[in-house]
>>> print(open('entry.cif').read())   # mmCIF, C-alpha atoms and all ligand atoms
data_work
loop_
_atom_site.label_atom_id
_atom_site.label_comp_id
_atom_site.auth_asym_id
_atom_site.auth_seq_id
_atom_site.Cartn_x
_atom_site.Cartn_y
_atom_site.Cartn_z
CA MET N 137 18.06 -8.92 -2.62
CA ASP N 138 15.83 -11.21 -4.60
CA VAL N 139 12.69 -13.21 -4.00
CA ASP N 140 14.69 -16.05 -2.51
CA SER N 141 16.24 -13.85 0.17
CA PRO N 142 17.22 -15.61 3.42
CA ALA N 143 14.35 -14.00 5.33
CA LEU N 144 11.91 -15.77 3.06
CA GLU N 145 13.57 -19.11 2.58
CA ASN N 146 11.22 -20.83 5.03
CA THR N 147 8.17 -19.57 3.18
CA PRO N 148 6.37 -22.43 1.45
CA ARG N 149 6.42 -22.30 -2.33
CA ARG N 150 3.17 -21.03 -3.69
CA ARG N 151 1.55 -21.17 -7.08
CA SER N 152 -0.41 -18.23 -8.31
CA THR N 153 -3.09 -17.89 -10.94
CA ALA N 154 -4.49 -14.64 -12.21
CA VAL N 155 -8.03 -14.35 -13.46
CA LEU N 156 -10.12 -11.45 -14.69
CA THR N 157 -13.58 -11.47 -13.20
CA GLY N 158 -16.58 -9.72 -14.68
CA GLY N 159 -17.18 -7.45 -11.73
CA GLY N 160 -14.33 -5.06 -12.17
CA VAL N 161 -12.09 -6.99 -9.82
CA ARG N 162 -8.88 -8.62 -10.97
CA GLU N 163 -7.95 -11.43 -8.67
CA ALA N 164 -4.79 -13.42 -8.15
CA VAL N 165 -5.46 -16.38 -5.90
CA LEU N 166 -2.42 -17.87 -4.27
CA HIS N 167 -2.79 -21.47 -3.22
CA THR N 168 -1.19 -22.01 0.15
CA GLY N 169 -3.16 -24.73 1.91
CA ASN N 170 -1.45 -24.23 5.28
CA GLU N 171 -2.99 -21.06 6.62
CA ALA N 172 -6.45 -22.29 7.63
CA THR N 173 -5.90 -21.61 11.31
CA MET N 174 -4.31 -18.18 10.93
CA PRO N 175 -6.40 -15.05 11.57
CA LYS N 176 -7.22 -13.18 8.39
CA ALA N 177 -6.27 -9.58 7.68
CA VAL N 178 -7.13 -7.30 4.79
CA CYS N 179 -4.01 -5.36 3.79
CA LEU N 180 -4.26 -2.26 1.60
CA LEU N 181 -1.46 -2.52 -0.95
CA SER N 182 -0.67 0.36 -3.29
CA GLY N 183 2.63 -0.98 -4.56
CA GLY N 184 4.71 1.59 -2.69
CA LEU N 185 7.29 0.82 -0.07
CA ASP N 186 5.06 1.80 2.87
CA SER N 187 2.22 -0.54 1.97
CA ALA N 188 4.68 -3.33 1.10
CA THR N 189 6.30 -2.96 4.53
CA CYS N 190 2.89 -2.85 6.21
CA LEU N 191 1.92 -6.09 4.46
CA ALA N 192 5.19 -7.73 5.58
CA ILE N 193 4.48 -6.66 9.17
CA ALA N 194 0.99 -8.19 9.03
CA ARG N 195 2.48 -11.41 7.73
CA GLU N 196 5.17 -11.34 10.42
CA GLN N 197 2.45 -10.96 13.06
CA GLY N 198 0.91 -14.22 11.89
CA PHE N 199 -1.97 -13.05 9.74
CA ALA N 200 -3.14 -14.72 6.55
CA CYS N 201 -3.08 -11.67 4.31
CA TYR N 202 -5.69 -10.64 1.78
CA ALA N 203 -4.24 -7.78 -0.25
CA LEU N 204 -6.45 -5.09 -1.75
CA SER N 205 -5.32 -2.65 -4.44
CA PHE N 206 -7.17 -0.01 -6.44
CA ASP N 207 -7.08 0.89 -10.09
CA TYR N 208 -8.67 4.30 -9.55
CA GLY N 209 -7.48 6.12 -12.64
CA GLN N 210 -4.22 7.20 -11.05
CA ARG N 211 -1.61 8.56 -13.45
CA HIS N 212 0.96 6.27 -11.80
CA ARG N 213 -1.03 3.14 -12.56
CA VAL N 214 2.28 1.34 -12.99
CA GLU N 215 2.15 0.98 -9.19
CA LEU N 216 -0.41 -1.79 -9.68
CA GLN N 217 2.22 -3.94 -11.38
CA ALA N 218 4.39 -3.33 -8.33
CA ALA N 219 1.51 -4.35 -6.07
CA GLU N 220 1.14 -7.64 -7.95
CA ARG N 221 4.85 -8.36 -7.66
CA ILE N 222 4.89 -7.58 -3.94
CA ALA N 223 1.77 -9.66 -3.26
CA ARG N 224 3.48 -12.58 -4.96
CA GLN N 225 6.79 -12.07 -3.15
CA LEU N 226 5.16 -11.82 0.26
CA GLY N 227 2.85 -14.76 -0.31
CA VAL N 228 -0.60 -13.29 0.21
CA LYS N 229 -3.63 -15.53 0.34
CA GLU N 230 -5.50 -13.43 -2.24
CA HIS N 231 -4.86 -10.21 -4.09
CA LYS N 232 -7.84 -8.28 -5.40
CA VAL N 233 -7.64 -5.17 -7.55
CA VAL N 234 -10.76 -3.01 -7.36
CA ILE N 235 -11.47 -0.91 -10.42
CA ILE N 236 -13.06 2.46 -9.70
CA ASP N 237 -12.52 5.70 -11.62
CA LEU N 238 -11.83 8.72 -9.45
CA ARG N 239 -11.07 10.73 -12.62
CA LEU N 240 -14.84 11.19 -12.64
CA PHE N 241 -14.32 13.79 -9.92
CA GLY N 242 -10.72 14.78 -10.71
CA ARG N 243 -9.34 17.79 -8.83
CA SER N 244 -6.11 15.98 -7.94
CA ALA N 245 -2.77 15.96 -9.73
CA LEU N 246 -2.99 12.15 -9.62
CA THR N 247 -6.39 11.92 -11.35
CA ASP N 248 -6.74 15.11 -13.37
CA ALA N 249 -4.84 17.25 -15.89
CA ILE N 250 -2.86 19.00 -13.16
CA ASP N 251 0.94 18.94 -13.06
CA VAL N 252 2.55 16.96 -10.25
CA PRO N 253 4.67 19.41 -8.21
CA LYS N 254 8.44 18.85 -8.49
CA HIS N 255 11.25 20.04 -6.23
CA ASP N 256 15.01 19.76 -6.08
CA ASP N 257 15.08 18.26 -2.59
CA ALA N 258 12.76 17.09 0.17
CA GLY N 259 13.40 20.26 2.18
CA ALA N 260 11.62 22.25 -0.52
CA ILE N 261 8.34 20.36 -0.13
CA GLY N 262 5.82 22.98 0.90
CA GLY N 263 3.47 22.94 3.87
CA GLY N 264 -0.26 22.45 3.61
CA ILE N 265 -2.18 19.78 1.76
CA PRO N 266 -0.65 19.37 -1.70
CA VAL N 267 -2.45 19.11 -5.02
CA THR N 268 -1.59 15.38 -5.14
CA TYR N 269 -4.21 14.84 -2.44
CA VAL N 270 -7.01 12.68 -3.88
CA PRO N 271 -10.38 13.65 -2.34
CA ALA N 272 -11.46 11.11 0.29
CA ARG N 273 -9.19 8.42 -1.17
CA ASN N 274 -8.41 6.56 2.05
CA THR N 275 -12.05 6.69 3.11
CA ILE N 276 -12.99 5.09 -0.21
CA PHE N 277 -10.21 2.48 0.09
CA LEU N 278 -11.00 1.66 3.72
CA SER N 279 -14.69 1.28 2.89
CA PHE N 280 -13.83 -1.41 0.36
CA ALA N 281 -11.46 -3.00 2.89
CA LEU N 282 -14.26 -3.00 5.47
CA ALA N 283 -16.60 -4.82 3.08
CA TYR N 284 -13.89 -7.34 2.16
CA ALA N 285 -13.10 -7.92 5.85
CA GLU N 286 -16.76 -8.49 6.66
CA VAL N 287 -17.08 -11.09 3.91
CA LEU N 288 -13.91 -12.82 5.11
CA GLU N 289 -15.11 -12.56 8.72
CA ALA N 290 -11.81 -10.85 9.44
CA SER N 291 -11.44 -8.33 12.27
CA ASP N 292 -8.17 -6.85 11.10
CA ILE N 293 -7.29 -4.31 8.43
CA PHE N 294 -3.74 -3.08 7.84
CA ILE N 295 -3.01 0.29 6.24
CA GLY N 296 0.46 1.76 5.71
CA VAL N 297 -0.33 5.35 6.62
CA ASN N 298 2.49 7.41 8.01
CA ALA N 299 2.22 10.77 9.72
CA ILE N 300 5.94 11.59 9.96
CA ASP N 301 7.54 11.53 6.49
CA TYR N 302 4.38 11.99 4.43
CA SER N 303 2.74 14.44 2.10
CA GLY N 304 0.38 16.06 4.62
CA TYR N 305 -2.78 14.23 3.60
CA PRO N 306 -5.51 14.51 6.26
CA ASP N 307 -6.61 10.91 5.73
CA CYS N 308 -3.17 9.61 6.80
CA ARG N 309 -3.51 10.91 10.36
CA PRO N 310 -3.99 8.47 13.27
CA GLU N 311 -7.06 10.33 14.54
CA TYR N 312 -8.72 9.83 11.18
CA ILE N 313 -7.96 6.09 11.18
CA GLU N 314 -9.23 5.74 14.75
CA ALA N 315 -12.46 7.49 13.77
CA PHE N 316 -12.90 5.13 10.81
CA GLU N 317 -12.37 2.15 13.12
CA ARG N 318 -15.17 3.39 15.41
CA MET N 319 -17.41 3.91 12.41
CA GLY N 320 -16.60 0.45 11.05
CA ASN N 321 -17.69 -1.22 14.25
CA LEU N 322 -21.06 0.52 13.96
CA ALA N 323 -21.45 -0.12 10.25
CA THR N 324 -21.29 -3.86 9.68
CA LYS N 325 -23.58 -6.80 10.33
CA ALA N 326 -20.55 -8.79 11.52
CA GLY N 327 -19.72 -6.03 14.01
CA VAL N 328 -23.24 -5.59 15.35
CA GLU N 329 -23.68 -9.35 15.75
CA GLY N 330 -20.37 -9.54 17.56
CA ARG N 331 -18.67 -11.91 15.12
CA THR N 332 -15.87 -9.44 14.46
CA ARG N 333 -14.38 -6.51 16.31
CA LEU N 334 -12.73 -4.27 13.77
CA LYS N 335 -9.16 -3.22 14.42
CA ILE N 336 -7.36 -1.02 11.91
CA HIS N 337 -3.62 -1.47 12.27
CA MET N 338 -1.32 1.36 11.20
CA PRO N 339 2.09 0.02 12.22
CA LEU N 340 4.00 2.69 10.27
CA SER N 341 2.15 5.69 11.70
CA SER N 342 4.95 6.97 13.90
CA MET N 343 7.94 5.67 11.91
CA THR N 344 10.27 7.77 9.83
CA LYS N 345 10.75 6.81 6.20
CA ALA N 346 14.26 5.61 7.08
CA GLY N 347 12.80 3.46 9.86
CA ILE N 348 10.23 1.99 7.46
CA ILE N 349 12.99 1.13 4.99
CA ARG N 350 15.07 -0.57 7.69
CA GLU N 351 12.01 -2.51 8.83
CA ALA N 352 11.30 -3.56 5.24
CA VAL N 353 14.84 -4.83 4.79
CA SER N 354 14.74 -6.74 8.09
CA LEU N 355 11.49 -8.42 7.01
CA GLY N 356 12.90 -9.43 3.64
CA VAL N 357 10.80 -7.10 1.50
CA ASN N 358 12.30 -6.82 -1.96
CA LEU N 359 12.22 -3.03 -2.27
CA SER N 360 13.29 -3.17 -5.91
CA LEU N 361 9.73 -4.37 -6.60
CA THR N 362 8.11 -1.26 -5.12
CA HIS N 363 7.01 1.91 -6.93
CA SER N 364 6.54 5.29 -5.26
CA CYS N 365 6.68 7.97 -7.96
CA TYR N 366 3.55 10.03 -8.66
CA ASP N 367 4.70 10.90 -12.16
CA PRO N 368 6.61 8.04 -13.82
CA ASN N 369 7.47 8.15 -17.51
CA ALA N 370 6.07 5.78 -20.12
CA GLU N 371 8.56 3.09 -19.11
CA GLY N 372 7.49 3.39 -15.49
CA LEU N 373 10.74 5.01 -14.36
CA ALA N 374 10.50 7.29 -11.32
CA CYS N 375 10.95 11.05 -11.79
CA GLY N 376 13.12 11.62 -8.72
CA HIS N 377 11.56 15.02 -7.99
CA CYS N 378 7.94 14.59 -6.89
CA ASP N 379 7.15 14.59 -3.15
CA SER N 380 6.92 10.82 -3.09
CA CYS N 381 10.27 10.30 -4.84
CA LEU N 382 11.98 12.90 -2.64
CA LEU N 383 10.66 11.42 0.62
CA ARG N 384 11.67 7.97 -0.56
CA LEU N 385 15.18 9.07 -1.57
CA ARG N 386 15.69 10.97 1.68
CA GLY N 387 14.57 7.88 3.60
CA PHE N 388 17.10 5.67 1.84
CA ALA N 389 19.83 8.26 2.42
CA GLU N 390 19.00 8.50 6.13
CA ALA N 391 18.93 4.71 6.39
CA GLY N 392 22.39 4.59 4.78
CA LEU N 393 21.12 2.48 1.91
CA SER N 394 20.84 2.96 -1.82
CA ASP N 395 17.45 2.82 -3.49
CA PRO N 396 17.34 -0.26 -5.75
CA ILE N 397 14.78 1.19 -8.20
CA ARG N 398 15.75 3.07 -11.36
CA TYR N 399 15.20 6.79 -11.85
CA ARG N 400 14.68 8.25 -15.29
CA ASN N 401 17.75 10.49 -15.33
CA GLU N 402 20.15 7.72 -14.39
CA GLN N 403 22.37 6.35 -17.07
ZN ZN U 501 8.48 10.96 -8.72
#
>>> encode(input="entry.cif", output="structure tokens", more="lines below")
Ligand SMILES: [Zn+2]
Amino acid sequence: MDVDSPALENTPRRRSTAVLTGGGVREAVLHTGNEATMPKAVCLLSGGLDSATCLAIAREQGFACYALSFDYGQRHRVELQAAERIARQLGVKEHKVVIIDLRLFGRSALTDAIDVPKHDDAGAIGGGIPVTYVPARNTIFLSFALAYAEVLEASDIFIGVNAIDYSGYPDCRPEYIEAFERMGNLATKAGVEGRTRLKIHMPLSSMTKAGIIREAVSLGVNLSLTHSCYDPNAEGLACGHCDSCLLRLRGFAEAGLSDPIRYRNEQ
């Protein structure tokens, strides 16, 4: 499937320009000109298949999408290139990349000198909260999304958390997201003045990885643009053995599809 897949052929052509601003935010503004009457939504976009699918769902539901990604010092920073490609393919209104450095605190295999756990198959993924957990990451990301939404006067935030085929992170659970939504409605000027009523959408929360993949395909998401691996090599190729790779591969297998991305041990 490519960018001109049938599901997207009615999407207006858009031009994009990328600029580097001085405030630690890289911005790609996509000129659309026909979305003035659509409600706005901030969509967290990591570059993985879950967040890409979540963005496609927001778009399908009629939102003008404002994508938000984070360069937080993650070892798999190559995912940001994926996020840019997906934002372009799915025709977001804006794509902002916030630069923060969570290596300052470390203590995660994604932001510190700690090996990413590897397994032979998804069944070997251990219980408990793994060392790839990044302390308070979704709270940090959602706080930025809340600020962006308030500035946009948007009531809607989309996040691709999943509590079925996931790594066991506490900040992916629906009860956490619901608590953040309650907090957000207390926290903003727009909320207190009644101009917005925050709703955090988590459309993937009860879907299996296979179900997410099928949904992505039905919405025309080009999954070859996505990146999931926690520990890619210098060329950005996925390892095939970290939790994220294994959950992704099992999802494709259960969906009866082949994963279009390349893995480093493939010839
Ligand atoms: Zn991997």
>>> residues_near_ligand(input="entry.cif", ligand="ligand ZN 501 (chain U)", cutoff="10 Å", atoms="only C-alpha atoms and all ligand atoms", output="ChimeraX atom specification")
/N:212,252-255,363-369,373-385,399-400
>>> atom_distance(input="entry.cif", atom1="CA of Leu334 in chain N", atom2="CA of Gln210 in chain N")
28.6 Å
>>> closest_residue(input="entry.cif", among="N:Lys325, N:Arg309, N:Arg224, N:Lys229", to="Ala177 in chain N", atoms="all atoms listed in the file")
N:Lys229
>>> closest_residue(input="entry.cif", among="N:Glu289, N:Lys176, N:Ala194, N:Ala346", to="Glu329 in chain N", atoms="all atoms listed in the file")
N:Glu289
>>> residues_around(input="entry.cif", residues="Ser291 in chain N", least_positions_apart="3", cutoff="9 Å", atoms="all atoms listed in the file", output="JSON, numbers by chain")
{"N": [175, 176, 177, 178, 285, 286, 288, 327, 331, 332, 333, 334, 335, 336]}
>>> closest_residue(input="entry.cif", among="N:Arg221, N:Arg239, N:His337, N:Arg350", to="Leu278 in chain N", atoms="only C-alpha atoms")
N:His337
>>> closest_residue(input="entry.cif", among="N:Ile348, N:Leu216, N:Met338, N:Cys308", to="Ala272 in chain N", atoms="only C-alpha atoms")
N:Cys308
>>> residues_around(input="entry.cif", residues="Leu181 in chain N", least_positions_apart="2", cutoff="7 Å", atoms="all atoms listed in the file", output="list in words")
Cys179, Gly183, Ser187, Ala188, Ala203, Leu204, Ser205 and Ala219 of chain N
>>> residues_around(input="entry.cif", residues="Lys345 in chain N", least_positions_apart="3", cutoff="10 Å", atoms="all atoms listed in the file", output="PyMOL selection string")
chain N and resi 185-186+298+300-302+340+342+348-351+383-391
>>> atom_distance(input="entry.cif", atom1="CA of Glu196 in chain N", atom2="CA of Thr362 in chain N")
18.8 Å
>>> atom_distance(input="entry.cif", atom1="CA of Leu226 in chain N", atom2="CA of Ala192 in chain N")
6.7 Å
>>> residues_around(input="entry.cif", residues="Thr247 in chain N", least_positions_apart="5", cutoff="8 Å", atoms="only C-alpha atoms", output="mmCIF file with C-alpha atoms, in the coordinates of the input")
data_model
loop_
_atom_site.group_PDB
_atom_site.id
_atom_site.type_symbol
_atom_site.label_atom_id
_atom_site.label_comp_id
_atom_site.auth_asym_id
_atom_site.auth_seq_id
_atom_site.Cartn_x
_atom_site.Cartn_y
_atom_site.Cartn_z
ATOM 1 C CA GLY N 209 -7.480 6.120 -12.640
ATOM 2 C CA GLN N 210 -4.220 7.200 -11.050
ATOM 3 C CA ARG N 211 -1.610 8.560 -13.450
ATOM 4 C CA LEU N 238 -11.830 8.720 -9.450
ATOM 5 C CA ARG N 239 -11.070 10.730 -12.620
ATOM 6 C CA GLY N 242 -10.720 14.780 -10.710
ATOM 7 C CA VAL N 270 -7.010 12.680 -3.880
#
>>> closest_residue(input="entry.cif", among="N:Pro266, N:Thr189, N:Gly330, N:Asp395", to="Gln225 in chain N", atoms="all atoms listed in the file")
N:Thr189
>>> closest_residue(input="entry.cif", among="N:Asp237, N:Asp257, N:Asp292, N:Asp251", to="Leu180 in chain N", atoms="only C-alpha atoms")
N:Asp292
>>> decode(input="entry.cif", residues="range 284-318 of chain N", atoms="N, CA and C atoms", output="CSV table (one decimal), in the first residue's frame")
chain,number,residue,atom,x,y,z
N,284,TYR,N,-1.5,22.5,24.4
N,284,TYR,CA,-1.7,22.7,23.0
N,284,TYR,C,-3.2,22.8,22.7
N,285,ALA,N,-4.0,21.9,23.3
N,285,ALA,CA,-5.5,21.9,23.1
N,285,ALA,C,-6.1,23.2,23.6
N,286,GLU,N,-5.6,23.7,24.8
N,286,GLU,CA,-6.2,24.9,25.3
N,286,GLU,C,-5.9,26.1,24.3
N,287,VAL,N,-4.7,26.2,23.8
N,287,VAL,CA,-4.3,27.2,22.9
N,287,VAL,C,-5.2,27.1,21.6
N,288,LEU,N,-5.4,25.9,21.1
N,288,LEU,CA,-6.2,25.7,19.9
N,288,LEU,C,-7.7,25.9,20.2
N,289,GLU,N,-8.1,26.0,21.5
N,289,GLU,CA,-9.5,25.9,21.9
N,289,GLU,C,-10.2,24.6,21.4
N,290,ALA,N,-9.4,23.6,21.6
N,290,ALA,CA,-9.9,22.2,21.2
N,290,ALA,C,-10.3,21.5,22.5
N,291,SER,N,-11.3,20.7,22.4
N,291,SER,CA,-11.8,19.9,23.6
N,291,SER,C,-11.3,18.5,23.5
N,292,ASP,N,-10.7,18.1,22.4
N,292,ASP,CA,-10.5,16.7,22.2
N,292,ASP,C,-9.0,16.4,22.1
N,293,ILE,N,-8.6,15.3,22.8
N,293,ILE,CA,-7.2,14.8,22.7
N,293,ILE,C,-7.3,13.3,22.4
N,294,PHE,N,-6.5,12.8,21.5
N,294,PHE,CA,-6.5,11.4,21.1
N,294,PHE,C,-5.2,10.8,21.5
N,295,ILE,N,-5.2,9.7,22.2
N,295,ILE,CA,-4.0,9.0,22.6
N,295,ILE,C,-4.2,7.5,22.3
N,296,GLY,N,-3.2,6.9,21.7
N,296,GLY,CA,-3.3,5.5,21.3
N,296,GLY,C,-2.9,4.5,22.3
N,297,VAL,N,-3.3,4.7,23.6
N,297,VAL,CA,-3.0,3.7,24.6
N,297,VAL,C,-3.8,2.4,24.4
N,298,ASN,N,-3.2,1.3,24.8
N,298,ASN,CA,-3.8,0.0,24.6
N,298,ASN,C,-3.6,-0.8,25.9
N,299,ALA,N,-4.6,-1.4,26.4
N,299,ALA,CA,-4.4,-2.1,27.7
N,299,ALA,C,-4.6,-3.6,27.5
N,300,ILE,N,-4.5,-4.1,26.2
N,300,ILE,CA,-4.6,-5.5,26.0
N,300,ILE,C,-3.2,-6.1,25.6
N,301,ASP,N,-2.8,-5.7,24.3
N,301,ASP,CA,-1.5,-6.2,23.9
N,301,ASP,C,-0.5,-5.0,24.1
N,302,TYR,N,0.0,-4.9,25.4
N,302,TYR,CA,0.8,-3.7,25.7
N,302,TYR,C,1.9,-4.2,26.7
N,303,SER,N,2.8,-3.3,27.0
N,303,SER,CA,3.9,-3.7,27.8
N,303,SER,C,3.7,-3.6,29.3
N,304,GLY,N,2.5,-3.3,29.8
N,304,GLY,CA,2.2,-3.3,31.2
N,304,GLY,C,2.5,-1.9,31.9
N,305,TYR,N,2.6,-0.9,31.1
N,305,TYR,CA,2.8,0.4,31.6
N,305,TYR,C,1.6,1.0,32.4
N,306,PRO,N,1.8,1.5,33.6
N,306,PRO,CA,0.6,2.0,34.3
N,306,PRO,C,-0.1,3.1,33.7
N,307,ASP,N,0.7,3.9,32.9
N,307,ASP,CA,0.1,5.1,32.3
N,307,ASP,C,-0.5,4.8,31.0
N,308,CYS,N,-0.8,3.6,30.7
N,308,CYS,CA,-1.6,3.2,29.5
N,308,CYS,C,-3.0,2.7,29.9
N,309,ARG,N,-3.3,2.6,31.2
N,309,ARG,CA,-4.5,2.1,31.7
N,309,ARG,C,-5.7,3.1,31.5
N,310,PRO,N,-6.9,2.6,31.2
N,310,PRO,CA,-8.0,3.5,31.1
N,310,PRO,C,-8.3,4.4,32.3
N,311,GLU,N,-8.1,3.7,33.5
N,311,GLU,CA,-8.4,4.5,34.7
N,311,GLU,C,-7.5,5.7,34.9
N,312,TYR,N,-6.2,5.5,34.4
N,312,TYR,CA,-5.3,6.6,34.5
N,312,TYR,C,-5.7,7.7,33.5
N,313,ILE,N,-6.1,7.4,32.3
N,313,ILE,CA,-6.5,8.4,31.3
N,313,ILE,C,-7.8,9.1,31.8
N,314,GLU,N,-8.7,8.4,32.4
N,314,GLU,CA,-9.9,9.0,32.9
N,314,GLU,C,-9.6,10.0,34.0
N,315,ALA,N,-8.6,9.6,34.9
N,315,ALA,CA,-8.2,10.5,35.9
N,315,ALA,C,-7.5,11.8,35.4
N,316,PHE,N,-6.7,11.6,34.3
N,316,PHE,CA,-6.1,12.8,33.7
N,316,PHE,C,-7.2,13.7,33.1
N,317,GLU,N,-8.2,13.1,32.5
N,317,GLU,CA,-9.3,13.9,31.9
N,317,GLU,C,-9.9,14.8,33.0
N,318,ARG,N,-10.2,14.2,34.1
N,318,ARG,CA,-10.8,14.9,35.2
N,318,ARG,C,-9.9,16.1,35.7
